[in-house]
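entry-v8.cif (mmCIF, C-alpha atoms) appears below.
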data_coords
#
loop_
_atom_site.group_PDB
_atom_site.id
_atom_site.type_symbol
_atom_site.label_atom_id
_atom_site.label_comp_id
_atom_site.auth_asym_id
_atom_site.auth_seq_id
_atom_site.Cartn_x
_atom_site.Cartn_y
_atom_site.Cartn_z
ATOM 1 C CA MET A 1 -42.027 -6.588 -3.087
ATOM 2 C CA ALA A 2 -38.294 -7.278 -2.722
ATOM 3 C CA THR A 3 -36.805 -6.339 0.629
ATOM 4 C CA SER A 4 -33.600 -4.351 1.067
ATOM 5 C CA ARG A 5 -30.684 -6.458 2.234
ATOM 6 C CA ALA A 6 -27.189 -5.629 3.400
ATOM 7 C CA SER A 7 -24.303 -6.793 1.234
ATOM 8 C CA PRO A 8 -22.286 -9.846 2.386
ATOM 9 C CA PRO A 9 -19.363 -9.167 4.770
ATOM 10 C CA LEU A 10 -16.230 -7.772 3.157
ATOM 11 C CA LEU A 11 -12.658 -8.576 4.149
ATOM 12 C CA ALA A 12 -11.169 -5.158 4.872
ATOM 13 C CA TYR A 13 -8.515 -3.054 6.575
ATOM 14 C CA VAL A 14 -8.923 0.405 8.093
ATOM 15 C CA LEU A 15 -6.776 2.921 6.193
ATOM 16 C CA HIS A 16 -7.936 6.085 7.936
ATOM 17 C CA ARG A 17 -10.651 7.358 10.260
ATOM 18 C CA TYR A 18 -11.822 10.749 11.431
ATOM 19 C CA ASP A 19 -14.583 12.244 13.556
ATOM 20 C CA TRP A 20 -17.993 12.648 12.008
ATOM 21 C CA SER A 21 -19.861 13.741 15.126
ATOM 22 C CA GLU A 22 -19.467 13.476 18.886
ATOM 23 C CA THR A 23 -20.266 9.758 18.731
ATOM 24 C CA SER A 24 -19.551 8.638 15.155
ATOM 25 C CA LEU A 25 -16.667 8.183 12.695
ATOM 26 C CA ILE A 26 -16.058 8.289 8.971
ATOM 27 C CA VAL A 27 -13.774 5.385 8.063
ATOM 28 C CA GLU A 28 -11.800 4.714 4.899
ATOM 29 C CA LEU A 29 -11.655 0.952 4.275
ATOM 30 C CA PHE A 30 -9.505 -1.029 1.867
ATOM 31 C CA THR A 31 -11.567 -4.068 0.904
ATOM 32 C CA ARG A 32 -10.522 -7.036 -1.184
ATOM 33 C CA ALA A 33 -13.752 -7.280 -3.175
ATOM 34 C CA GLN A 34 -14.701 -3.634 -3.696
ATOM 35 C CA GLY A 35 -11.503 -1.649 -3.291
ATOM 36 C CA ARG A 36 -11.340 1.540 -1.249
ATOM 37 C CA LEU A 37 -14.636 2.480 0.381
ATOM 38 C CA VAL A 38 -15.757 5.234 2.726
ATOM 39 C CA VAL A 39 -18.214 4.218 5.440
ATOM 40 C CA ALA A 40 -20.077 5.881 8.297
ATOM 41 C CA ALA A 41 -19.597 4.132 11.641
ATOM 42 C CA LYS A 42 -22.468 5.465 13.727
ATOM 43 C CA GLY A 43 -21.932 5.429 17.472
ATOM 44 C CA ALA A 44 -18.408 3.994 17.083
ATOM 45 C CA LYS A 45 -16.956 6.438 19.622
ATOM 46 C CA ARG A 46 -19.324 5.392 22.394
ATOM 47 C CA PRO A 47 -17.587 3.361 25.153
ATOM 48 C CA THR A 48 -20.108 0.543 24.742
ATOM 49 C CA SER A 49 -19.922 0.373 20.930
ATOM 50 C CA GLN A 50 -19.033 -2.994 19.402
ATOM 51 C CA LEU A 51 -17.156 -1.072 16.697
ATOM 52 C CA ARG A 52 -14.930 0.939 19.038
ATOM 53 C CA PRO A 53 -12.260 -1.756 19.720
ATOM 54 C CA VAL A 54 -12.407 -3.192 16.190
ATOM 55 C CA LEU A 55 -11.862 -0.200 13.891
ATOM 56 C CA LEU A 56 -8.080 -0.179 14.257
ATOM 57 C CA PRO A 57 -5.452 0.031 11.509
ATOM 58 C CA PHE A 58 -3.395 -2.965 10.325
ATOM 59 C CA GLN A 59 -5.858 -5.619 11.495
ATOM 60 C CA PRO A 60 -8.165 -7.533 9.096
ATOM 61 C CA LEU A 61 -11.914 -7.104 9.549
ATOM 62 C CA HIS A 62 -15.100 -8.650 8.279
ATOM 63 C CA ALA A 63 -17.181 -5.548 7.583
ATOM 64 C CA LEU A 64 -20.928 -5.693 6.960
ATOM 65 C CA LEU A 65 -22.170 -2.674 5.020
ATOM 66 C CA GLY A 66 -25.596 -1.313 4.315
ATOM 67 C CA LYS A 67 -27.070 -1.318 0.849
ATOM 68 C CA ALA A 68 -25.200 0.784 -1.690
ATOM 69 C CA PRO A 69 -26.914 4.144 -2.275
ATOM 70 C CA ALA A 70 -29.086 4.392 -5.383
ATOM 71 C CA ASP A 71 -27.440 7.714 -6.186
ATOM 72 C CA GLU A 72 -24.120 6.942 -7.874
ATOM 73 C CA GLN A 73 -22.715 10.163 -6.436
ATOM 74 C CA GLY A 74 -23.380 8.942 -2.890
ATOM 75 C CA GLU A 75 -20.144 7.228 -1.867
ATOM 76 C CA VAL A 76 -20.691 6.879 1.875
ATOM 77 C CA ARG A 77 -22.004 3.482 2.990
ATOM 78 C CA LEU A 78 -23.321 2.634 6.439
ATOM 79 C CA LEU A 79 -21.108 0.287 8.445
ATOM 80 C CA ARG A 80 -23.600 -2.042 10.096
ATOM 81 C CA SER A 81 -21.085 -4.211 11.941
ATOM 82 C CA ALA A 82 -17.424 -5.217 11.948
ATOM 83 C CA GLU A 83 -15.597 -8.182 13.463
ATOM 84 C CA TRP A 84 -11.898 -8.899 13.784
ATOM 85 C CA ALA A 85 -10.935 -11.443 11.127
ATOM 86 C CA GLY A 86 -7.823 -12.661 12.971
ATOM 87 C CA GLY A 87 -4.600 -14.087 11.635
ATOM 88 C CA GLN A 88 -2.612 -10.844 11.433
ATOM 89 C CA PRO A 89 0.327 -10.405 13.863
ATOM 90 C CA LEU A 90 0.387 -7.166 15.817
ATOM 91 C CA LEU A 91 2.896 -4.575 14.651
ATOM 92 C CA ASN A 92 5.524 -3.328 17.054
ATOM 93 C CA ALA A 93 6.259 0.372 17.448
ATOM 94 C CA ALA A 94 9.379 0.234 15.262
ATOM 95 C CA VAL A 95 7.394 -0.568 12.104
ATOM 96 C CA MET A 96 4.282 1.536 12.716
ATOM 97 C CA PHE A 97 5.620 4.374 10.612
ATOM 98 C CA PRO A 98 6.320 2.244 7.500
ATOM 99 C CA ALA A 99 2.852 0.716 7.891
ATOM 100 C CA PHE A 100 1.215 4.156 7.970
ATOM 101 C CA TYR A 101 3.258 4.973 4.851
ATOM 102 C CA LEU A 102 1.571 2.033 3.076
ATOM 103 C CA ASN A 103 -1.841 3.322 4.150
ATOM 104 C CA GLU A 104 -1.123 6.805 2.863
ATOM 105 C CA LEU A 105 0.017 5.459 -0.519
ATOM 106 C CA LEU A 106 -3.248 3.541 -0.869
ATOM 107 C CA MET A 107 -5.332 6.517 0.255
ATOM 108 C CA LYS A 108 -3.746 8.886 -2.251
ATOM 109 C CA LEU A 109 -3.231 6.618 -5.254
ATOM 110 C CA LEU A 110 -6.282 4.331 -5.313
ATOM 111 C CA ALA A 111 -9.582 5.484 -6.721
ATOM 112 C CA ARG A 112 -12.610 4.595 -4.642
ATOM 113 C CA GLN A 113 -14.670 1.533 -5.531
ATOM 114 C CA ASP A 114 -11.921 0.130 -7.774
ATOM 115 C CA PRO A 115 -11.079 -3.451 -6.662
ATOM 116 C CA HIS A 116 -7.444 -4.576 -6.581
ATOM 117 C CA PRO A 117 -7.435 -8.045 -4.976
ATOM 118 C CA VAL A 118 -3.768 -8.713 -5.850
ATOM 119 C CA LEU A 119 -2.764 -5.438 -4.215
ATOM 120 C CA PHE A 120 -4.962 -6.199 -1.203
ATOM 121 C CA ASP A 121 -3.181 -9.533 -0.721
ATOM 122 C CA ALA A 122 0.210 -7.831 -1.138
ATOM 123 C CA TYR A 123 -0.758 -5.263 1.513
ATOM 124 C CA ALA A 124 -1.740 -7.983 3.996
ATOM 125 C CA ASP A 125 1.458 -9.927 3.225
ATOM 126 C CA THR A 126 3.595 -6.813 3.659
ATOM 127 C CA LEU A 127 2.048 -6.074 7.058
ATOM 128 C CA ALA A 128 2.884 -9.644 8.110
ATOM 129 C CA ALA A 129 6.462 -9.196 6.860
ATOM 130 C CA LEU A 130 6.823 -5.951 8.819
ATOM 131 C CA ALA A 131 5.417 -7.631 11.938
ATOM 132 C CA SER A 132 8.011 -10.407 11.681
ATOM 133 C CA GLN A 133 10.970 -8.052 11.286
ATOM 134 C CA GLY A 134 13.777 -8.742 13.709
ATOM 135 C CA GLU A 135 15.794 -6.096 15.494
ATOM 136 C CA GLY A 136 17.878 -4.194 12.954
ATOM 137 C CA ASP A 137 16.341 -5.909 9.923
ATOM 138 C CA GLY A 138 15.027 -2.622 8.560
ATOM 139 C CA ASP A 139 11.915 -2.152 6.480
ATOM 140 C CA ALA A 140 13.385 -1.210 3.084
ATOM 141 C CA VAL A 141 12.946 -4.612 1.428
ATOM 142 C CA PRO A 142 9.211 -5.138 2.184
ATOM 143 C CA LEU A 143 8.483 -1.502 1.303
ATOM 144 C CA ARG A 144 10.286 -1.670 -2.051
ATOM 145 C CA ALA A 145 8.517 -4.918 -2.946
ATOM 146 C CA PHE A 146 5.125 -3.431 -2.089
ATOM 147 C CA GLU A 147 5.843 -0.279 -4.102
ATOM 148 C CA LEU A 148 6.676 -2.418 -7.148
ATOM 149 C CA VAL A 149 3.414 -4.360 -6.828
ATOM 150 C CA LEU A 150 1.446 -1.140 -6.314
ATOM 151 C CA LEU A 151 2.947 0.520 -9.395
ATOM 152 C CA ARG A 152 2.404 -2.579 -11.507
ATOM 153 C CA GLN A 153 -1.204 -3.071 -10.428
ATOM 154 C CA LEU A 154 -1.982 0.559 -11.257
ATOM 155 C CA GLY A 155 -0.369 0.197 -14.700
ATOM 156 C CA TRP A 156 2.505 2.601 -14.029
ATOM 157 C CA LEU A 157 5.464 0.193 -14.052
ATOM 158 C CA PRO A 158 7.130 -0.554 -17.412
ATOM 159 C CA ASP A 159 8.413 -4.003 -18.332
ATOM 160 C CA LEU A 160 11.684 -4.163 -16.399
ATOM 161 C CA ALA A 161 13.222 -6.617 -18.865
ATOM 162 C CA VAL A 162 12.937 -4.208 -21.826
ATOM 163 C CA ALA A 163 14.740 -0.932 -22.512
ATOM 164 C CA THR A 164 11.775 1.340 -23.156
ATOM 165 C CA LEU A 165 13.186 3.624 -25.847
ATOM 166 C CA THR A 166 14.674 0.841 -27.989
ATOM 167 C CA THR A 167 12.102 -1.851 -27.064
ATOM 168 C CA GLN A 168 15.030 -4.260 -26.920
ATOM 169 C CA PRO A 169 15.731 -6.708 -24.069
ATOM 170 C CA VAL A 170 18.049 -5.205 -21.483
ATOM 171 C CA GLN A 171 21.655 -6.356 -21.452
ATOM 172 C CA ALA A 172 22.738 -8.075 -18.254
ATOM 173 C CA ALA A 173 25.936 -6.056 -17.733
ATOM 174 C CA GLN A 174 24.565 -2.690 -18.910
ATOM 175 C CA ARG A 175 23.240 -0.265 -16.312
ATOM 176 C CA TYR A 176 19.738 1.202 -16.553
ATOM 177 C CA ALA A 177 17.789 3.896 -14.737
ATOM 178 C CA LEU A 178 14.020 3.920 -14.219
ATOM 179 C CA ASP A 179 12.657 7.246 -15.399
ATOM 180 C CA ALA A 180 9.090 8.347 -14.618
ATOM 181 C CA GLU A 181 8.420 9.432 -18.212
ATOM 182 C CA ALA A 182 10.946 7.538 -20.344
ATOM 183 C CA GLY A 183 10.799 4.163 -18.575
ATOM 184 C CA LEU A 184 13.922 2.003 -18.392
ATOM 185 C CA ILE A 185 16.824 3.804 -20.075
ATOM 186 C CA GLU A 186 20.564 3.128 -20.402
ATOM 187 C CA ARG A 187 22.984 4.808 -18.022
ATOM 188 C CA HIS A 188 26.778 4.723 -18.012
ATOM 189 C CA HIS A 189 26.836 5.352 -14.274
ATOM 190 C CA GLY A 190 24.313 4.743 -11.515
ATOM 191 C CA GLY A 191 21.097 2.806 -11.836
ATOM 192 C CA LEU A 192 20.902 -0.983 -11.599
ATOM 193 C CA THR A 193 22.291 -3.600 -13.937
ATOM 194 C CA GLY A 194 20.123 -5.220 -16.553
ATOM 195 C CA ALA A 195 20.456 -8.475 -14.626
ATOM 196 C CA ASP A 196 18.984 -6.786 -11.542
ATOM 197 C CA TRP A 197 16.005 -5.412 -13.462
ATOM 198 C CA VAL A 198 15.366 -8.760 -15.157
ATOM 199 C CA ALA A 199 15.403 -10.528 -11.775
ATOM 200 C CA LEU A 200 12.830 -8.052 -10.444
ATOM 201 C CA GLN A 201 10.621 -8.537 -13.503
ATOM 202 C CA ALA A 202 10.828 -12.327 -13.176
ATOM 203 C CA ALA A 203 9.799 -12.107 -9.513
ATOM 204 C CA LEU A 204 6.865 -9.843 -10.409
ATOM 205 C CA ASP A 205 5.766 -12.278 -13.119
ATOM 206 C CA HIS A 206 6.069 -15.185 -10.683
ATOM 207 C CA GLY A 207 3.514 -13.498 -8.448
ATOM 208 C CA SER A 208 5.108 -14.440 -5.124
ATOM 209 C CA LEU A 209 5.756 -11.508 -2.807
ATOM 210 C CA ALA A 210 8.364 -13.586 -0.974
ATOM 211 C CA ALA A 211 10.222 -14.073 -4.274
ATOM 212 C CA LEU A 212 9.946 -10.358 -5.016
ATOM 213 C CA ARG A 213 11.344 -9.456 -1.599
ATOM 214 C CA ALA A 214 14.238 -11.836 -2.233
ATOM 215 C CA ALA A 215 14.945 -10.086 -5.541
ATOM 216 C CA CYS A 216 14.728 -6.678 -3.847
ATOM 217 C CA LYS A 217 17.070 -7.582 -1.013
ATOM 218 C CA ALA A 218 20.340 -7.061 -2.907
ATOM 219 C CA VAL A 219 19.191 -3.850 -4.617
ATOM 220 C CA ALA A 220 16.875 -2.234 -2.059
ATOM 221 C CA ALA A 221 19.126 0.807 -1.598
ATOM 222 C CA GLY A 222 19.351 1.369 -5.354
ATOM 223 C CA LEU A 223 15.588 0.980 -5.823
ATOM 224 C CA ARG A 224 14.588 3.608 -3.273
ATOM 225 C CA ALA A 225 15.282 6.700 -5.410
ATOM 226 C CA PRO A 226 13.754 5.540 -8.734
ATOM 227 C CA LEU A 227 10.624 4.163 -7.078
ATOM 228 C CA ARG A 228 10.229 7.347 -5.056
ATOM 229 C CA GLN A 229 10.565 9.382 -8.267
ATOM 230 C CA LEU A 230 7.933 7.263 -10.002
ATOM 231 C CA LEU A 231 5.527 7.472 -7.059
ATOM 232 C CA ASP A 232 6.032 11.233 -6.714
ATOM 233 C CA TYR A 233 5.354 11.674 -10.426
ATOM 234 C CA HIS A 234 1.929 10.041 -10.050
ATOM 235 C CA LEU A 235 1.193 11.695 -6.715
ATOM 236 C CA GLY A 236 1.626 15.063 -8.385
ATOM 237 C CA PRO A 237 1.427 18.039 -6.011
ATOM 238 C CA SER A 238 0.071 15.819 -3.235
ATOM 239 C CA GLN A 239 2.821 15.247 -0.674
ATOM 240 C CA LEU A 240 3.123 12.235 1.602
ATOM 241 C CA ARG A 241 2.638 13.374 5.186
ATOM 242 C CA THR A 242 4.292 10.265 6.616
ATOM 243 C CA ARG A 243 7.489 10.981 4.682
ATOM 244 C CA HIS A 244 7.524 14.623 5.787
ATOM 245 C CA VAL A 245 6.990 13.764 9.449
ATOM 246 C CA TRP A 246 9.644 11.045 9.363
ATOM 247 C CA GLN A 247 12.174 13.506 7.918
ATOM 248 C CA GLY A 248 11.483 15.643 10.981
ATOM 249 C CA VAL A 249 12.127 12.629 13.205
ATOM 250 C CA GLN A 250 15.468 12.112 11.446
ATOM 251 C CA ARG A 251 16.521 15.665 12.216
ATOM 252 C CA LEU A 252 15.832 15.029 15.913
ATOM 253 C CA ALA A 253 17.303 11.501 15.890
ATOM 254 C CA PRO A 254 19.951 11.230 13.144
ATOM 255 C CA ARG A 255 20.305 7.470 13.647
ATOM 256 C CA ALA A 256 16.689 6.848 12.753
ATOM 257 C CA ALA A 257 15.983 4.842 9.591
ATOM 258 C CA PRO A 258 15.631 6.907 6.394
ATOM 259 C CA ALA A 259 12.184 8.044 5.347
ATOM 260 C CA PRO A 260 10.366 5.668 2.955
#
Just dump the structure as structure tokens.
Amino acid sequence: MATSRASPPLLAYVLHRYDWSETSLIVELFTRAQGRLVVAAKGAKRPTSQLRPVLLPFQPLHALLGKAPADEQGEVRLLRSAEWAGGQPLLNAAVMFPAFYLNELLMKLLARQDPHPVLFDAYADTLAALASQGEGDGDAVPLRAFELVLLRQLGWLPDLAVATLTTQPVQAAQRYALDAEAGLIERHHGGLTGADWVALQAALDHGSLAALRAACKAVAAGLRAPLRQLLDYHLGPSQLRTRHVWQGVQRLAPRAAPAP
């Protein structure tokens, strides 16, 4: 008779965690191989638990899970063990809020058990970019680059080198807006130039997040509104708590960075 075995360790990040009982937690993981998973971390709140100091956000883990439930409706897996995978710089307080914004996007837009290895790598790379930010660098560029990768990986980003309605290549000097329903459309005022959109598309096709951040750098301010509109369209009635809270921070501290 075959014996039940745990699955091999998964490279993962903690997206969210909440109390399950007096001693245990339910944890939402973003894994490279299996996508977003929900796991039960029994005893993780005990002072002597091996899991207690490891289940922290923004740090890579090797997570060992119990066997997947036979019932397809049973989504919760048992977290047998977790170890810090290392290699990820610690985030300073100034970039914690943008990092939680990334986590909330993944929580609300990714279906469970749907692997996105390219997006996983982009998430890890973006955390490293936020950790390396110097004083006053801001977080707009890494956030805009991540949003573009997220939208593309989920199939919601049109080809940025083509005017959607005419299916013709964009003209370098013409200005275009990114509309949630109509795609890339001509605008006499506002929007970005065709050359800007083409540069972003080329960086996305190249596959390097560093190249994409470089392309975003000159147009980060102009990208914020259209990407927010596109994300909000797919979020539907679900509102981002991180954005709402940060708007409250801005009212108390007007010099604070704008909400993502």
Decode the PyMOL selection byres ((chain A and resi 183) around 9) for the given file into explicit residues and return them as a PDB file with C-alpha atoms, in the frame of the given file.
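The file below, out_36.pdb, is the result:
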ATOM      1  CA  LEU A 157       5.464   0.193 -14.052  1.00  0.00           C
ATOM      2  CA  PRO A 158       7.130  -0.554 -17.412  1.00  0.00           C
ATOM      3  CA  ASP A 159       8.413  -4.003 -18.332  1.00  0.00           C
ATOM      4  CA  LEU A 160      11.684  -4.163 -16.399  1.00  0.00           C
ATOM      5  CA  ALA A 163      14.740  -0.932 -22.512  1.00  0.00           C
ATOM      6  CA  THR A 164      11.775   1.340 -23.156  1.00  0.00           C
ATOM      7  CA  LEU A 165      13.186   3.624 -25.847  1.00  0.00           C
ATOM      8  CA  ALA A 177      17.789   3.896 -14.737  1.00  0.00           C
ATOM      9  CA  LEU A 178      14.020   3.920 -14.219  1.00  0.00           C
ATOM     10  CA  ASP A 179      12.657   7.246 -15.399  1.00  0.00           C
ATOM     11  CA  ALA A 180       9.090   8.347 -14.618  1.00  0.00           C
ATOM     12  CA  GLU A 181       8.420   9.432 -18.212  1.00  0.00           C
ATOM     13  CA  ALA A 182      10.946   7.538 -20.344  1.00  0.00           C
ATOM     14  CA  LEU A 184      13.922   2.003 -18.392  1.00  0.00           C
ATOM     15  CA  ILE A 185      16.824   3.804 -20.075  1.00  0.00           C
TER      16      ILE A 185
END
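With CA of Asp196 (chain A) on one side and CA of Val95 (chain A) on the other, the separation reads 27.1 Å.
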Taking the file as I've supplied it (selection: the PyMOL selection byres ((chain A and resi 47-50) around 12)), which residues are included? Please answer as a PDB file with C-alpha atoms, keeping the file's coordinate frame.
ATOM      1  CA  THR A  23     -20.266   9.758  18.731  1.00  0.00           C
ATOM      2  CA  SER A  24     -19.551   8.638  15.155  1.00  0.00           C
ATOM      3  CA  LEU A  25     -16.667   8.183  12.695  1.00  0.00           C
ATOM      4  CA  ALA A  41     -19.597   4.132  11.641  1.00  0.00           C
ATOM      5  CA  LYS A  42     -22.468   5.465  13.727  1.00  0.00           C
ATOM      6  CA  GLY A  43     -21.932   5.429  17.472  1.00  0.00           C
ATOM      7  CA  ALA A  44     -18.408   3.994  17.083  1.00  0.00           C
ATOM      8  CA  LYS A  45     -16.956   6.438  19.622  1.00  0.00           C
ATOM      9  CA  ARG A  46     -19.324   5.392  22.394  1.00  0.00           C
ATOM     10  CA  LEU A  51     -17.156  -1.072  16.697  1.00  0.00           C
ATOM     11  CA  ARG A  52     -14.930   0.939  19.038  1.00  0.00           C
ATOM     12  CA  PRO A  53     -12.260  -1.756  19.720  1.00  0.00           C
ATOM     13  CA  VAL A  54     -12.407  -3.192  16.190  1.00  0.00           C
ATOM     14  CA  LEU A  55     -11.862  -0.200  13.891  1.00  0.00           C
ATOM     15  CA  LEU A  79     -21.108   0.287   8.445  1.00  0.00           C
ATOM     16  CA  ARG A  80     -23.600  -2.042  10.096  1.00  0.00           C
ATOM     17  CA  SER A  81     -21.085  -4.211  11.941  1.00  0.00           C
ATOM     18  CA  ALA A  82     -17.424  -5.217  11.948  1.00  0.00           C
ATOM     19  CA  GLU A  83     -15.597  -8.182  13.463  1.00  0.00           C
ATOM     20  CA  TRP A  84     -11.898  -8.899  13.784  1.00  0.00           C
TER      21      TRP A  84
END
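Considering all atoms listed in the file, the residue among A:Leu154, A:Ala124, A:Leu119, A:Gln59 positioned nearest to Leu231 (chain A) is A:Leu154.
Here the PyMOL selection byres ((chain A and resi 192) around 6) captures the residues A:Arg175, A:Tyr176, A:Gly191, A:Thr193.
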